[in-house]
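What follows is entry.tsv (TSV, C-alpha atoms).
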chain	number	residue	atom	x	y	z
E	1	MET	CA	28.88	6.92	3.45
E	2	ASN	CA	30.08	3.46	4.44
E	3	ASN	CA	28.94	4.09	8.02
E	4	LEU	CA	25.48	5.04	6.77
E	5	LYS	CA	25.27	1.85	4.69
E	6	THR	CA	26.32	-0.20	7.73
E	7	ILE	CA	23.52	1.38	9.79
E	8	TYR	CA	20.95	0.48	7.13
E	9	ILE	CA	22.21	-3.09	7.04
E	10	LEU	CA	21.99	-3.39	10.84
E	11	LEU	CA	18.46	-1.97	10.73
E	12	PHE	CA	17.57	-4.56	8.11
E	13	PHE	CA	18.68	-7.51	10.24
E	14	CYS	CA	16.92	-6.09	13.29
E	15	LEU	CA	13.68	-5.78	11.32
E	16	ILE	CA	14.00	-9.30	9.96
E	17	SER	CA	14.66	-10.84	13.36
E	18	CYS	CA	11.79	-8.99	15.02
E	19	LYS	CA	9.15	-9.44	12.33
E	20	LYS	CA	6.73	-12.32	12.72
E	21	SER	CA	4.94	-13.00	9.46
E	22	SER	CA	2.10	-15.39	8.84
E	23	GLU	CA	0.32	-16.84	5.84
E	24	LEU	CA	-2.56	-14.86	4.38
E	25	LYS	CA	-5.84	-15.59	6.16
E	26	THR	CA	-7.86	-14.42	3.17
E	27	GLU	CA	-7.73	-15.52	-0.45
E	28	ASN	CA	-6.87	-12.01	-1.66
E	29	VAL	CA	-3.39	-11.36	-2.99
E	30	THR	CA	-1.92	-8.58	-0.83
E	31	LEU	CA	1.47	-6.91	-0.58
E	32	ASN	CA	3.74	-7.39	2.46
E	33	LYS	CA	1.84	-10.38	3.84
E	34	THR	CA	4.06	-13.33	3.02
E	35	GLU	CA	6.62	-15.21	5.07
E	36	ILE	CA	10.31	-14.38	4.70
E	37	ASP	CA	12.20	-16.91	2.59
E	38	THR	CA	15.95	-16.59	3.08
E	39	SER	CA	16.60	-18.78	0.03
E	40	LYS	CA	15.49	-15.87	-2.19
E	41	ARG	CA	17.98	-13.36	-3.53
E	42	TYR	CA	16.29	-10.23	-2.19
E	43	GLN	CA	14.39	-9.23	0.93
E	44	ARG	CA	12.04	-6.26	0.52
E	45	ILE	CA	11.94	-4.07	3.62
E	46	ASN	CA	10.50	-0.76	4.81
E	47	ILE	CA	12.66	1.55	6.91
E	48	PRO	CA	10.88	4.33	8.85
E	49	PHE	CA	12.58	7.53	10.05
E	50	TYR	CA	11.50	9.44	13.15
E	51	ASN	CA	12.21	12.91	14.53
E	52	ASN	CA	11.30	13.41	18.18
E	53	GLY	CA	8.96	10.42	17.97
E	54	GLU	CA	7.19	11.68	14.85
E	55	LEU	CA	7.32	9.70	11.60
E	56	VAL	CA	9.03	11.95	9.05
E	57	GLY	CA	10.01	9.48	6.34
E	58	GLU	CA	9.84	5.90	5.10
E	59	ASN	CA	11.85	4.14	2.41
E	60	GLU	CA	11.35	0.80	0.69
E	61	ALA	CA	14.51	-1.10	-0.20
E	62	TYR	CA	15.58	-4.41	-1.70
E	63	VAL	CA	18.53	-5.94	0.17
E	64	SER	CA	20.45	-8.77	-1.49
E	65	LYS	CA	22.34	-11.64	0.10
E	66	LYS	CA	25.50	-9.71	-0.75
E	67	ARG	CA	24.06	-6.81	1.29
E	68	ASP	CA	23.70	-4.61	-1.78
E	69	THR	CA	20.78	-2.21	-1.42
E	70	PHE	CA	18.42	-0.86	-4.07
E	71	TRP	CA	16.27	2.02	-2.81
E	72	ASN	CA	12.86	1.68	-4.43
E	73	THR	CA	10.66	4.42	-2.94
E	74	TRP	CA	11.08	7.57	-0.82
E	75	LEU	CA	8.29	8.92	1.38
E	76	PHE	CA	8.44	12.20	3.31
E	77	TYR	CA	5.76	13.17	5.83
E	78	LYS	CA	4.45	16.46	7.21
E	79	LYS	CA	2.37	16.00	10.35
E	80	GLY	CA	1.56	12.42	9.37
E	81	VAL	CA	0.61	13.27	5.77
E	82	ILE	CA	2.71	12.34	2.72
E	83	ASP	CA	4.57	15.34	1.31
E	84	SER	CA	3.99	14.78	-2.41
E	85	SER	CA	6.38	17.60	-3.35
E	86	LYS	CA	9.31	15.46	-2.17
E	87	SER	CA	8.07	11.86	-2.27
E	88	LYS	CA	8.63	9.26	-4.99
E	89	PHE	CA	6.39	6.21	-4.58
E	90	PHE	CA	3.55	4.09	-5.97
E	91	ASP	CA	0.36	2.33	-4.90
E	92	PHE	CA	0.20	-1.24	-6.19
E	93	ASN	CA	-2.23	-4.08	-5.59
E	94	ILE	CA	-3.55	-7.22	-7.22
E	95	ILE	CA	-7.10	-8.15	-6.31
E	96	GLY	CA	-8.87	-11.46	-6.68
E	97	ASN	CA	-9.25	-14.96	-5.35
E	98	LYS	CA	-6.01	-16.94	-5.51
E	99	LYS	CA	-7.95	-19.83	-7.06
E	100	ASP	CA	-9.02	-17.65	-9.99
E	101	SER	CA	-6.90	-17.78	-13.13
E	102	ILE	CA	-7.36	-14.07	-13.91
E	103	LEU	CA	-6.64	-11.39	-11.28
E	104	LYS	CA	-6.99	-7.61	-11.51
E	105	GLY	CA	-3.93	-5.41	-11.07
E	106	LYS	CA	-3.68	-1.66	-10.54
E	107	ILE	CA	-0.69	0.64	-10.11
E	108	SER	CA	-0.61	4.40	-9.54
E	109	LEU	CA	2.62	6.43	-9.68
E	110	TYR	CA	3.53	9.58	-7.72
E	111	SER	CA	6.57	11.86	-7.83
E	112	PRO	CA	7.53	15.52	-7.32
E	113	ALA	CA	7.25	15.92	-11.10
E	114	ASP	CA	3.44	15.71	-10.72
E	115	SER	CA	3.44	19.37	-9.67
E	116	ILE	CA	4.82	20.54	-13.03
E	117	PRO	CA	2.05	21.99	-15.24
E	118	LYS	CA	0.85	19.76	-18.07
E	119	SER	CA	1.56	22.57	-20.50
E	120	LYS	CA	5.27	22.07	-19.79
E	121	ILE	CA	5.16	18.32	-20.58
E	122	SER	CA	6.17	17.49	-24.12
E	123	SER	CA	5.47	13.77	-23.75
E	124	ARG	CA	5.15	11.03	-21.16
E	125	GLU	CA	5.51	7.27	-21.42
E	126	ILE	CA	4.92	4.75	-18.65
E	127	THR	CA	5.98	1.16	-19.28
E	128	LEU	CA	4.86	-1.69	-17.04
E	129	VAL	CA	6.81	-4.94	-17.50
E	130	PHE	CA	6.11	-8.21	-15.68
E	131	LEU	CA	6.48	-11.97	-15.98
E	132	GLN	CA	3.41	-13.87	-17.18
E	133	LYS	CA	2.64	-17.50	-17.96
E	134	GLU	CA	1.31	-18.29	-21.43
E	135	ASN	CA	0.61	-21.97	-22.12
E	136	ASP	CA	3.73	-23.75	-20.79
E	137	SER	CA	6.12	-20.81	-21.05
E	138	ILE	CA	7.00	-17.77	-18.95
E	139	ILE	CA	6.89	-14.64	-21.10
E	140	VAL	CA	7.58	-10.94	-20.56
E	141	LYS	CA	4.39	-8.87	-20.66
E	142	GLU	CA	4.63	-5.16	-21.50
E	143	ILE	CA	1.96	-2.48	-21.15
E	144	LYS	CA	2.45	1.15	-22.17
E	145	SER	CA	0.46	4.19	-21.08
E	146	ASN	CA	0.72	7.96	-20.70
E	147	LYS	CA	-1.40	8.07	-17.54
E	148	SER	CA	-0.33	7.81	-13.89
E	149	THR	CA	-2.64	4.86	-13.22
E	150	ILE	CA	-2.58	1.55	-15.09
E	151	GLU	CA	-5.14	-1.24	-14.66
E	152	PHE	CA	-4.37	-4.66	-16.08
E	153	ASP	CA	-5.23	-8.36	-16.00
E	154	TYR	CA	-2.78	-10.80	-14.44
E	155	LYS	CA	-2.86	-14.57	-14.90
E	156	ASN	CA	-2.18	-16.24	-11.58
E	157	PHE	CA	-0.13	-19.43	-11.92
E	158	GLU	CA	1.13	-21.88	-9.32
E	159	ASN	CA	1.13	-19.15	-6.63
E	160	TYR	CA	4.21	-17.75	-8.35
E	161	GLY	CA	3.67	-14.20	-7.19
E	162	PHE	CA	3.97	-11.02	-9.23
E	163	GLU	CA	7.43	-9.86	-10.35
E	164	GLY	CA	8.08	-6.87	-12.59
E	165	PHE	CA	8.97	-3.20	-12.78
E	166	VAL	CA	7.52	0.07	-14.01
E	167	MET	CA	9.32	2.93	-15.77
E	168	ASP	CA	7.99	6.49	-15.93
E	169	LEU	CA	9.62	8.86	-18.46
E	170	ARG	CA	8.56	12.49	-18.76
E	171	PHE	CA	10.02	15.01	-21.19
E	172	PHE	CA	9.67	18.66	-20.16
E	173	LYS	CA	9.98	21.79	-22.25
E	174	LEU	CA	12.61	24.31	-21.25
E	175	ASP	CA	11.70	27.99	-21.28
E	176	SER	CA	15.17	29.00	-22.39
E	177	THR	CA	15.19	26.95	-25.58
E	178	SER	CA	12.63	25.38	-27.88
E	179	ASP	CA	14.73	22.55	-29.27
E	180	LYS	CA	15.80	20.88	-26.03
E	181	LEU	CA	13.86	18.79	-23.52
E	182	LEU	CA	14.52	17.82	-19.91
E	183	LEU	CA	14.02	14.14	-19.03
E	184	ASN	CA	12.57	13.08	-15.68
E	185	ARG	CA	12.97	9.33	-14.97
E	186	ASN	CA	11.48	7.12	-12.26
E	187	TYR	CA	11.92	3.36	-11.95
E	188	TYR	CA	10.26	0.99	-9.47
E	189	ALA	CA	10.61	-2.75	-8.87
E	190	LEU	CA	7.28	-4.50	-8.22
E	191	ASP	CA	6.57	-7.59	-6.11
E	192	THR	CA	3.75	-9.20	-4.18
E	193	LYS	CA	6.17	-10.95	-1.83
E	194	LEU	CA	8.70	-9.80	0.73
E	195	SER	CA	11.23	-12.42	-0.40
E	196	THR	CA	11.89	-12.45	-4.13
E	197	ASN	CA	14.21	-13.36	-6.98
E	198	ASN	CA	12.91	-10.44	-9.05
E	199	VAL	CA	15.26	-10.38	-12.04
E	200	TYR	CA	14.55	-6.71	-12.73
E	201	VAL	CA	16.01	-5.39	-9.46
E	202	GLU	CA	19.58	-5.91	-10.65
E	203	LEU	CA	18.80	-4.11	-13.91
E	204	LEU	CA	17.44	-1.11	-11.99
E	205	GLU	CA	20.34	-0.83	-9.54

Rewritten as structure tokens:
Amino acid sequence: MNNLKTIYILLFFCLISCKKSSELKTENVTLNKTEIDTSKRYQRINIPFYNNGELVGENEAYVSKKRDTFWNTWLFYKKGVIDSSKSKFFDFNIIGNKKDSILKGKISLYSPADSIPKSKISSREITLVFLQKENDSIIVKEIKSNKSTIEFDYKNFENYGFEGFVMDLRFFKLDSTSDKLLLNRNYYALDTKLSTNNVYVELLE
């Protein structure tokens, strides 16, 4: 297990040394387009996996200065297509001009639990939490939903970047008993920058 962790760490430093990032050429806020800032606590990286030259998997991870790793998403591919029966991931973007005070955010969640019939789901609660500026203070904004996709407004301030997390809880009915439920949990850290001090990563580890 330690050898595997060492390999991931070496891959991380290779990716960092080889990657050449540049500032956004457009005014749209986009993921994975910012320069690496080694003063930040975490670096967000993607690690691909190949089998005979074919991409078979890709994971997103947060790596801290202490070389601790939080695995955020897991993608498995079949012939270049995401295998949704095994993958746990999300689509996340914030759209708008950086000079605008209000931007539009959207997040969609995916997991193997999506294949379970709705008739088996007793309840579902998705909670999106992120930092937001209100007047002269930074507050915690919380949005709840029972749907896989959440659209929301985000107040851009001082090019701070988006930091937050999303939690997806699903309670399933068991055929064997009527008074017990099975809980399926998925947590994801959210950022618009590769280098981040996202305070929620440590809570999710």

Atomic separation - atom CA of E:Leu204 relative to atom CA of E:Ala113, Å =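 It comes out at 19.9 Å.
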
Give me, as a compact mmCIF listing (two decimals) with C-alpha atoms, in the coordinates of the input, all polymer residues having an atom no more than 10 Å from stretch 177-192 of chain E, counting all atoms listed in the file and skipping those fewer than 5 positions away in the same chain.
# COMPACT_ATOMS: atom_id res chain seq x y z
CA VAL E 29 -3.39 -11.36 -2.99
CA THR E 30 -1.92 -8.58 -0.83
CA LEU E 31 1.47 -6.91 -0.58
CA ASN E 32 3.74 -7.39 2.46
CA LYS E 33 1.84 -10.38 3.84
CA THR E 34 4.06 -13.33 3.02
CA ARG E 44 12.04 -6.26 0.52
CA ALA E 61 14.51 -1.10 -0.20
CA TYR E 62 15.58 -4.41 -1.70
CA PHE E 70 18.42 -0.86 -4.07
CA TRP E 71 16.27 2.02 -2.81
CA ASN E 72 12.86 1.68 -4.43
CA THR E 73 10.66 4.42 -2.94
CA LYS E 88 8.63 9.26 -4.99
CA PHE E 89 6.39 6.21 -4.58
CA PHE E 90 3.55 4.09 -5.97
CA PHE E 92 0.20 -1.24 -6.19
CA ASN E 93 -2.23 -4.08 -5.59
CA ILE E 94 -3.55 -7.22 -7.22
CA ILE E 107 -0.69 0.64 -10.11
CA LEU E 109 2.62 6.43 -9.68
CA TYR E 110 3.53 9.58 -7.72
CA SER E 111 6.57 11.86 -7.83
CA ALA E 113 7.25 15.92 -11.10
CA LYS E 120 5.27 22.07 -19.79
CA ILE E 121 5.16 18.32 -20.58
CA SER E 122 6.17 17.49 -24.12
CA SER E 123 5.47 13.77 -23.75
CA ARG E 124 5.15 11.03 -21.16
CA ILE E 126 4.92 4.75 -18.65
CA THR E 127 5.98 1.16 -19.28
CA LEU E 128 4.86 -1.69 -17.04
CA VAL E 129 6.81 -4.94 -17.50
CA PHE E 130 6.11 -8.21 -15.68
CA TYR E 160 4.21 -17.75 -8.35
CA GLY E 161 3.67 -14.20 -7.19
CA PHE E 162 3.97 -11.02 -9.23
CA GLU E 163 7.43 -9.86 -10.35
CA GLY E 164 8.08 -6.87 -12.59
CA PHE E 165 8.97 -3.20 -12.78
CA VAL E 166 7.52 0.07 -14.01
CA MET E 167 9.32 2.93 -15.77
CA ASP E 168 7.99 6.49 -15.93
CA LEU E 169 9.62 8.86 -18.46
CA ARG E 170 8.56 12.49 -18.76
CA PHE E 171 10.02 15.01 -21.19
CA PHE E 172 9.67 18.66 -20.16
CA ASN E 197 14.21 -13.36 -6.98
CA ASN E 198 12.91 -10.44 -9.05
CA VAL E 199 15.26 -10.38 -12.04
CA TYR E 200 14.55 -6.71 -12.73
CA VAL E 201 16.01 -5.39 -9.46
CA GLU E 202 19.58 -5.91 -10.65
CA LEU E 203 18.80 -4.11 -13.91
CA LEU E 204 17.44 -1.11 -11.99
CA GLU E 205 20.34 -0.83 -9.54

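Considering all atoms listed in the file, the residue among E:Leu174, E:Asp136, E:Asp114, E:Leu103 positioned nearest to E:Lys155 is E:Leu103.
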
Need to verify the contact set: E:Ser64, 8 Å, all atoms listed in the file, exclusion of same-chain residues closer than 3 positions in sequence. Can you return it as a compact mmCIF listing (two decimals) with C-alpha atoms, keeping the file's coordinate frame?
# COMPACT_ATOMS: atom_id res chain seq x y z
CA ARG E 41 17.98 -13.36 -3.53
CA TYR E 42 16.29 -10.23 -2.19
CA GLN E 43 14.39 -9.23 0.93
CA ARG E 67 24.06 -6.81 1.29
CA ASP E 68 23.70 -4.61 -1.78
CA THR E 69 20.78 -2.21 -1.42

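Across the structure, atom CA of E:Val81 and atom CA of E:Asn146 are spaced 27.0 Å apart.
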
What is the distance between atom CA of E:Gly53 and atom CA of E:Lys79, in Å to one decimal?
->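 It comes out at 11.5 Å.
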
Proximity to E:Trp74 - best of E:Lys106, E:Gly96, E:Pro48, E:Ile139, all atoms listed in the file = E:Pro48
